[in-house]
Each structure stands twice: as C-alpha cells, then as structure tokens.
Amino acid sequence: MSKFDEIRYFYDHEVNERLADVARDPMMKAFMSFTFPDTDEQVWLEQFKEVHSISDFQHQFVAYAVRQILAKSSEGLTTSGFDRLDKNTSYLFISNHRDIVLDTSLLNLVLLESGLIMTASAIGDNLVHKKFLNVLAKLNRNFLVQRGLSLRDQLTSSQTMSEYIKTQILEENRSVWIAQREGRTKNGNDATQQGVLKMLAMAAGDQSLTDYFKTLKIVPISISYEYDPTDSLKMPQLLAQHRDEEYIKGKNEDFTTMLSGILGQKKRIHLHAGDVIDTELDDIAATIDNKNKQLQAIAQVIDRSIISNYKLWPTKYIAYDLLHNTDTYASEYTEQEKQLFIRRLEMRIDPSDPVSKEYFLAMYANPLVNKLKLEEGL
C-alpha cells in the first residue's frame, strides 16, 4: 500500500472499473445529460467501456462538460500569460480561489487547449463525501486535502501531501494546482496563507527553502469572474464574522455551493498565468535568513502577481463607486451595467440592511482596492 493511497487520484489501470462503479448513478446521468443533452444514455454508457485512463475521461467527457458550463452560464473565457509557459514543463500553479469546482476546471481546459501539461488538483475531502463526487474527483485527477484532523494527524497529513506534490511535479512531470489559501476567498481579498507555503516546504529535504521552491516552478494564477455566482451564498459566513459568531455550515451547503458555482451566471471570466517565480527567490535568499520571514516574503511575491494581474471587470468599479457613494470610476462602466449590478444586488440580498449591502459591495470592490494599494506601494 502506497503512503499516498488515502489522498491520491486514480491510477490509469483503475479508471475503467471505477467509472463502471458510478456509471448508472443518478448523478452521473445528470452530469452526462447536461454535458451531452442530445445523446442517448446507452451511447455514453458504451463509450465509458472504452475509457482506460484519466486522460481519456478528461478529453472525451470533462472538457465537454466545462465547455457546456461556459456556454450556458458565461459570456466567455479569455486568457493571458499561458503562451509564456513551456509545453513540456510541469508547474506548481498557485491560484486565488473563488469557486470550488470551476477554478481548477477552467485552468485545466485552458491547459488542454494550449497543449500544456494538465494538473493534479487539490480538493478538500469534506467536499467529496458522496461516493459519486469522490469518484468523479479522482477520475479528474484531484487529490484529497484531509480536513478535520487532530493537530498530530494534520502534521502527518501535511507531510504526506507535500511529498505527493513534490513527486507529481519532479518525478511524474505532472503540474499541480493548489489554492493560495484553505477555502475560498469570501470577501474578495486574495491573500496567500503562509501555512500553504509551509506545507509545500515540508518536502524540501536538504535543499534550502528558496532552492526547493525554484525546482517547483511556481506560477501564480489570477482568476476573475465578472459576477460571482455564489456571492449571496458567501454572505451568511461574512455576516457571522461581522457579529463575531461561529459559523456552522448547513448539511448540504458545500454541494449547493458547487452547483451554484457551476450553473450560476458568471458573465465574463479571465485567467492570467503569471511569470514563474525565480529571480525573486534568489533575492529573498540573499536578503532574508529567517525561514518564516522567507515564507512571508514568498507569499507577498505570489500576492503581488495575483493582484496585479487580476482582471478588473466593470462590476468591481461599480461596487467601489456604490460603496463609497462616488462616481470616481464612472468611465469604466456604462449606466446599463450599473443598473444591472444594482438589480442583482437587490435580488441577492436585503438592500435595506446596510451591513449586508456593505459586505456584498466590498466583496466585489476589494480586488480594485487591493490593486490600488499595491500600486501605491510600488
């Protein structure tokens, strides 16, 4: 038994059998009916018999599903920066995190269509308790981040995951996607958690922190949705934090959020691949001795890339102006775009509640605020 068995995705020789296990699950039928609405069930059940690798499944089914999501719930996906990546090189993509399923699914569609190496992607095991979701995740090359562990078990789990990521990138030549923080950003403030970097560094062995991070070839990814389809679903947690109350998730909250993220309207979406973090690591090694301060400095480098390359859609400028009762950025949007956004706000929250309104607007405005702060600091 491999030490990675509890977290790894499926080996190719397991794919056909695992797919057959869930082929007749009602959720698979729903998934396939969405992806191929005009195809008879018996057709894709027969096609499943010819799937013998994760690559087969991703090319023949998942890619079509993601394209359907884009067609039905967005006004298109644009990209930048990916042309600077090498087709034969594996990277560690560290990304801001807004949507449970789509962030990594959209990235992998871009990598597939660009001829780049697709990722093994981290997903919290709390999100895939249902058998179908667990199998589907592992068929799509997701590996599990174990949640809810004791402190001792957390340490062991982090070590295992760190080694798994190292093995994927340096031995299997497989790119890896991981979010810059645990859980999605709820308030629009994208910030890299030092704990994520500390976990990654656990597999460094005898190498210095910065030398090891150079071998991983870290590429920051900026994902920007014009509309966040889960914006209203994030509000209860934000309001609980505002009231200094503990927030307890509902029984099917994660699943509801996943569906809303997939099916909800996003309008335009942009993905940017930043430059590989390299010379910055040399600078950090030359000027900082303390390991924790090095991690902090690396987190800041990732944040600068994600924030500076984040696409600011009109909704960000509209939210800023509404939040501050100004027309500072009126040139960045039309009156029609503004009225559509106001209508969305009024439909998604109680606009008569000033706290809800402030948090909703801040969620959209903060990427602009953070970019302004970054520019002021340069």
# chains A, B, ... in the order shown; residues from 1 in each chain; ligands from 1

$ residues_around --residues "Arg184 (chain A)" --least-positions-apart "5" --cutoff "9 Å" --atoms "only C-alpha atoms" --output "ChimeraX atom specification"
/A:96-100,179

$ write_last_selection --atoms "N, CA and C atoms" --output "PDB file, in the first residue's frame"
ATOM      1  N   ASN A  96      -5.588  32.209  -6.790  1.00  0.00           N
ATOM      2  CA  ASN A  96      -6.662  32.707  -5.931  1.00  0.00           C
ATOM      3  C   ASN A  96      -7.849  31.756  -6.089  1.00  0.00           C
ATOM      4  N   HIS A  97      -8.734  31.747  -5.099  1.00  0.00           N
ATOM      5  CA  HIS A  97      -9.748  30.679  -5.051  1.00  0.00           C
ATOM      6  C   HIS A  97     -11.123  31.283  -4.799  1.00  0.00           C
ATOM      7  N   ARG A  98     -11.967  31.230  -5.833  1.00  0.00           N
ATOM      8  CA  ARG A  98     -13.308  31.793  -5.739  1.00  0.00           C
ATOM      9  C   ARG A  98     -14.403  30.746  -5.869  1.00  0.00           C
ATOM     10  N   ASP A  99     -14.136  29.692  -6.651  1.00  0.00           N
ATOM     11  CA  ASP A  99     -15.185  28.708  -6.903  1.00  0.00           C
ATOM     12  C   ASP A  99     -14.636  27.298  -6.697  1.00  0.00           C
ATOM     13  N   ILE A 100     -15.398  26.471  -5.990  1.00  0.00           N
ATOM     14  CA  ILE A 100     -14.941  25.137  -5.588  1.00  0.00           C
ATOM     15  C   ILE A 100     -14.504  24.300  -6.788  1.00  0.00           C
ATOM     16  N   ALA A 179      -4.838  25.978  -4.207  1.00  0.00           N
ATOM     17  CA  ALA A 179      -5.322  27.327  -3.881  1.00  0.00           C
ATOM     18  C   ALA A 179      -4.333  28.007  -2.948  1.00  0.00           C
TER      19      ALA A 179
END

$ closest_atom_pairs --of "region 115-217 of chain A" --to "region 234-248 of chain A" --cutoff "12 Å" --atoms "only C-alpha atoms" --output "tab-separated table"
residue	atom	partner	partner_atom	distance
A:Gly183	CA	A:Lys234	CA	11.6
A:Arg184	CA	A:Lys234	CA	9.4
A:Thr185	CA	A:Lys234	CA	9.1
A:Lys186	CA	A:Lys234	CA	5.8
A:Asn187	CA	A:Leu238	CA	7.4
A:Gly188	CA	A:Lys234	CA	10.7

$ residues_around --residues "Leu77 (chain A)" --least-positions-apart "2" --cutoff "8 Å" --atoms "only C-alpha atoms" --output "list in words"
Leu70, Ser74, Glu75, Thr79, Arg268, Ile269, His270 and Leu271 of chain A

$ residues_around --residues "Gly148 (chain A)" --least-positions-apart "2" --cutoff "12 Å" --atoms "only C-alpha atoms" --output "list in words"
Gly124, Asp125, Asn126, Val145, Gln146, Ser150, Leu151, Arg152, Asp153, Gln154 and Ser157 of chain A

$ residues_around --residues "Gln193 (chain A)" --least-positions-apart "3" --cutoff "12 Å" --atoms "only C-alpha atoms" --output "PDB file with N, CA, C and O atoms, in the first residue's frame"
ATOM      1  N   ILE A  94      -0.273  28.197  -8.259  1.00  0.00           N
ATOM      2  CA  ILE A  94      -0.886  28.662  -7.011  1.00  0.00           C
ATOM      3  C   ILE A  94      -1.860  29.780  -7.373  1.00  0.00           C
ATOM      4  O   ILE A  94      -1.476  30.784  -7.968  1.00  0.00           O
ATOM      5  N   SER A  95      -3.116  29.577  -7.016  1.00  0.00           N
ATOM      6  CA  SER A  95      -4.192  30.399  -7.566  1.00  0.00           C
ATOM      7  C   SER A  95      -5.043  31.027  -6.476  1.00  0.00           C
ATOM      8  O   SER A  95      -5.206  30.461  -5.395  1.00  0.00           O
ATOM      9  N   ASN A  96      -5.588  32.209  -6.790  1.00  0.00           N
ATOM     10  CA  ASN A  96      -6.662  32.707  -5.931  1.00  0.00           C
ATOM     11  C   ASN A  96      -7.849  31.756  -6.089  1.00  0.00           C
ATOM     12  O   ASN A  96      -7.953  31.035  -7.078  1.00  0.00           O
ATOM     13  N   HIS A  97      -8.734  31.747  -5.099  1.00  0.00           N
ATOM     14  CA  HIS A  97      -9.748  30.679  -5.051  1.00  0.00           C
ATOM     15  C   HIS A  97     -11.123  31.283  -4.799  1.00  0.00           C
ATOM     16  O   HIS A  97     -11.407  31.763  -3.715  1.00  0.00           O
ATOM     17  N   ILE A 178      -2.978  24.274  -6.677  1.00  0.00           N
ATOM     18  CA  ILE A 178      -3.380  24.390  -5.275  1.00  0.00           C
ATOM     19  C   ILE A 178      -3.827  25.823  -5.031  1.00  0.00           C
ATOM     20  O   ILE A 178      -3.288  26.771  -5.612  1.00  0.00           O
ATOM     21  N   ALA A 179      -4.838  25.978  -4.207  1.00  0.00           N
ATOM     22  CA  ALA A 179      -5.322  27.327  -3.881  1.00  0.00           C
ATOM     23  C   ALA A 179      -4.333  28.007  -2.948  1.00  0.00           C
ATOM     24  O   ALA A 179      -3.620  27.358  -2.178  1.00  0.00           O
ATOM     25  N   GLN A 180      -4.289  29.330  -2.994  1.00  0.00           N
ATOM     26  CA  GLN A 180      -3.355  30.097  -2.162  1.00  0.00           C
ATOM     27  C   GLN A 180      -3.766  30.097  -0.687  1.00  0.00           C
ATOM     28  O   GLN A 180      -3.003  30.537   0.155  1.00  0.00           O
ATOM     29  N   ARG A 181      -4.950  29.579  -0.406  1.00  0.00           N
ATOM     30  CA  ARG A 181      -5.443  29.575   0.963  1.00  0.00           C
ATOM     31  C   ARG A 181      -6.395  28.392   1.148  1.00  0.00           C
ATOM     32  O   ARG A 181      -6.866  27.800   0.175  1.00  0.00           O
ATOM     33  N   GLU A 182      -6.648  28.037   2.385  1.00  0.00           N
ATOM     34  CA  GLU A 182      -7.620  26.989   2.668  1.00  0.00           C
ATOM     35  C   GLU A 182      -9.017  27.584   2.538  1.00  0.00           C
ATOM     36  O   GLU A 182      -9.359  28.564   3.188  1.00  0.00           O
ATOM     37  N   GLY A 183      -9.819  26.998   1.670  1.00  0.00           N
ATOM     38  CA  GLY A 183     -11.173  27.516   1.464  1.00  0.00           C
ATOM     39  C   GLY A 183     -11.183  28.696   0.502  1.00  0.00           C
ATOM     40  O   GLY A 183     -10.154  29.317   0.226  1.00  0.00           O
ATOM     41  N   ARG A 184     -12.366  28.999   0.005  1.00  0.00           N
ATOM     42  CA  ARG A 184     -12.500  30.084  -0.967  1.00  0.00           C
ATOM     43  C   ARG A 184     -12.418  31.456  -0.295  1.00  0.00           C
ATOM     44  O   ARG A 184     -12.783  31.610   0.866  1.00  0.00           O
ATOM     45  N   THR A 185     -11.953  32.430  -1.054  1.00  0.00           N
ATOM     46  CA  THR A 185     -11.993  33.812  -0.591  1.00  0.00           C
ATOM     47  C   THR A 185     -13.449  34.268  -0.610  1.00  0.00           C
ATOM     48  O   THR A 185     -14.112  34.225  -1.641  1.00  0.00           O
ATOM     49  N   ASN A 189     -10.719  39.559  -0.862  1.00  0.00           N
ATOM     50  CA  ASN A 189      -9.320  39.842  -0.527  1.00  0.00           C
ATOM     51  C   ASN A 189      -8.480  38.583  -0.758  1.00  0.00           C
ATOM     52  O   ASN A 189      -8.482  37.669   0.059  1.00  0.00           O
ATOM     53  N   ASP A 190      -7.786  38.546  -1.879  1.00  0.00           N
ATOM     54  CA  ASP A 190      -6.976  37.374  -2.219  1.00  0.00           C
ATOM     55  C   ASP A 190      -5.620  37.485  -1.541  1.00  0.00           C
ATOM     56  O   ASP A 190      -4.838  38.394  -1.843  1.00  0.00           O
ATOM     57  N   VAL A 196       0.051  27.384   3.754  1.00  0.00           N
ATOM     58  CA  VAL A 196       0.078  26.631   2.499  1.00  0.00           C
ATOM     59  C   VAL A 196       1.523  26.468   2.025  1.00  0.00           C
ATOM     60  O   VAL A 196       1.949  25.380   1.621  1.00  0.00           O
ATOM     61  N   LEU A 197       2.287  27.549   2.086  1.00  0.00           N
ATOM     62  CA  LEU A 197       3.688  27.500   1.671  1.00  0.00           C
ATOM     63  C   LEU A 197       4.519  26.644   2.622  1.00  0.00           C
ATOM     64  O   LEU A 197       5.431  25.925   2.195  1.00  0.00           O
ATOM     65  N   LYS A 198       4.183  26.714   3.900  1.00  0.00           N
ATOM     66  CA  LYS A 198       4.895  25.896   4.891  1.00  0.00           C
ATOM     67  C   LYS A 198       4.685  24.417   4.605  1.00  0.00           C
ATOM     68  O   LYS A 198       5.611  23.610   4.713  1.00  0.00           O
ATOM     69  N   MET A 199       3.447  24.065   4.231  1.00  0.00           N
ATOM     70  CA  MET A 199       3.158  22.672   3.864  1.00  0.00           C
ATOM     71  C   MET A 199       3.989  22.268   2.654  1.00  0.00           C
ATOM     72  O   MET A 199       4.620  21.204   2.635  1.00  0.00           O
ATOM     73  N   LEU A 200       4.023  23.098   1.626  1.00  0.00           N
ATOM     74  CA  LEU A 200       4.785  22.785   0.422  1.00  0.00           C
ATOM     75  C   LEU A 200       6.266  22.577   0.729  1.00  0.00           C
ATOM     76  O   LEU A 200       6.923  21.717   0.140  1.00  0.00           O
ATOM     77  N   LEU A 295       9.177  32.700   3.989  1.00  0.00           N
ATOM     78  CA  LEU A 295       7.832  32.274   3.575  1.00  0.00           C
ATOM     79  C   LEU A 295       6.905  33.468   3.411  1.00  0.00           C
ATOM     80  O   LEU A 295       6.112  33.546   2.467  1.00  0.00           O
ATOM     81  N   GLN A 296       7.005  34.403   4.340  1.00  0.00           N
ATOM     82  CA  GLN A 296       6.182  35.621   4.288  1.00  0.00           C
ATOM     83  C   GLN A 296       6.506  36.415   3.022  1.00  0.00           C
ATOM     84  O   GLN A 296       5.596  36.897   2.327  1.00  0.00           O
ATOM     85  N   ALA A 297       7.792  36.508   2.696  1.00  0.00           N
ATOM     86  CA  ALA A 297       8.209  37.263   1.507  1.00  0.00           C
ATOM     87  C   ALA A 297       7.744  36.566   0.227  1.00  0.00           C
ATOM     88  O   ALA A 297       7.317  37.225  -0.733  1.00  0.00           O
ATOM     89  N   ILE A 298       7.801  35.231   0.207  1.00  0.00           N
ATOM     90  CA  ILE A 298       7.331  34.480  -0.971  1.00  0.00           C
ATOM     91  C   ILE A 298       5.826  34.658  -1.144  1.00  0.00           C
ATOM     92  O   ILE A 298       5.333  34.843  -2.263  1.00  0.00           O
ATOM     93  N   ALA A 299       5.094  34.627  -0.027  1.00  0.00           N
ATOM     94  CA  ALA A 299       3.648  34.862  -0.077  1.00  0.00           C
ATOM     95  C   ALA A 299       3.353  36.234  -0.679  1.00  0.00           C
ATOM     96  O   ALA A 299       2.423  36.388  -1.491  1.00  0.00           O
ATOM     97  N   GLN A 300       4.156  37.226  -0.323  1.00  0.00           N
ATOM     98  CA  GLN A 300       3.948  38.580  -0.851  1.00  0.00           C
ATOM     99  C   GLN A 300       4.221  38.645  -2.351  1.00  0.00           C
ATOM    100  O   GLN A 300       3.525  39.356  -3.088  1.00  0.00           O
ATOM    101  N   ILE A 302       3.793  36.142  -4.478  1.00  0.00           N
ATOM    102  CA  ILE A 302       2.632  35.492  -5.113  1.00  0.00           C
ATOM    103  C   ILE A 302       1.441  36.455  -5.117  1.00  0.00           C
ATOM    104  O   ILE A 302       0.746  36.603  -6.127  1.00  0.00           O
ATOM    105  N   ASP A 303       1.204  37.118  -3.980  1.00  0.00           N
ATOM    106  CA  ASP A 303       0.077  38.052  -3.877  1.00  0.00           C
ATOM    107  C   ASP A 303       0.203  39.192  -4.878  1.00  0.00           C
ATOM    108  O   ASP A 303      -0.783  39.584  -5.514  1.00  0.00           O
TER     109      ASP A 303
END

$ closest_residue --among "A:Tyr227, A:Phe341, A:Phe213, A:Tyr317" --to "Leu92 (chain A)" --atoms "only C-alpha atoms"
A:Phe213

$ select_by_dssp --residues "region 37-269 of chain A" --states "strand (DSSP E or B)" --output "count of residues only"
37

$ residues_around --residues "region 21-38 of chain A" --least-positions-apart "4" --cutoff "10 Å" --atoms "only C-alpha atoms" --output "PyMOL selection string"
chain A and resi 15-17+44-45+48-49+61-69+131-133+135-136

$ select_by_dssp --residues "region 125-365 of chain A" --states "alpha helix (DSSP H)" --output "VMD selection string"
chain A and resid 131 to 139 151 to 166 194 to 201 209 to 216 231 to 242 253 to 263 279 to 287 291 to 308 314 to 324 335 to 348 354 to 365

$ atom_distance --atom1 "CA of Glu6 (chain A)" --atom2 "CA of Leu19 (chain A)"
18.6 Å

$ atom_distance --atom1 "CA of Leu144 (chain A)" --atom2 "CA of Leu106 (chain A)"
19.0 Å

$ closest_residue --among "A:Phe143, A:Tyr364, A:Tyr164, A:Phe93" --to "Val219 (chain A)" --atoms "only C-alpha atoms"
A:Phe93

$ atom_distance --atom1 "CA of Arg141 (chain A)" --atom2 "CA of Tyr9 (chain A)"
5.2 Å

$ closest_residue --among "A:Gly261, A:Pro367, A:Pro354, A:Pro314" --to "Ser105 (chain A)" --atoms "only C-alpha atoms"
A:Gly261

$ closest_residue --among "A:Asp40, A:Glu335, A:Asp86, A:Asp103" --to "Leu116 (chain A)" --atoms "only C-alpha atoms"
A:Asp86

$ residues_around --residues "Ala319 (chain A)" --least-positions-apart "3" --cutoff "8 Å" --atoms "only C-alpha atoms" --output "list of chain:residue names"
A:Thr315, A:Lys316, A:Leu322, A:Leu323, A:Leu361, A:Ala362, A:Tyr364, A:Ala365

$ write_last_selection --atoms "C-alpha atoms" --output "compact mmCIF listing (two decimals), in the first residue's frame"
# COMPACT_ATOMS: atom_id res chain seq x y z
CA THR A 315 -18.63 45.13 -11.61
CA LYS A 316 -15.55 45.90 -9.49
CA LEU A 322 -21.66 52.42 -4.84
CA LEU A 323 -19.75 51.54 -1.66
CA LEU A 361 -20.31 45.58 -2.35
CA ALA A 362 -16.93 45.11 -0.62
CA TYR A 364 -16.77 42.93 -5.47
CA ALA A 365 -14.78 46.11 -4.79
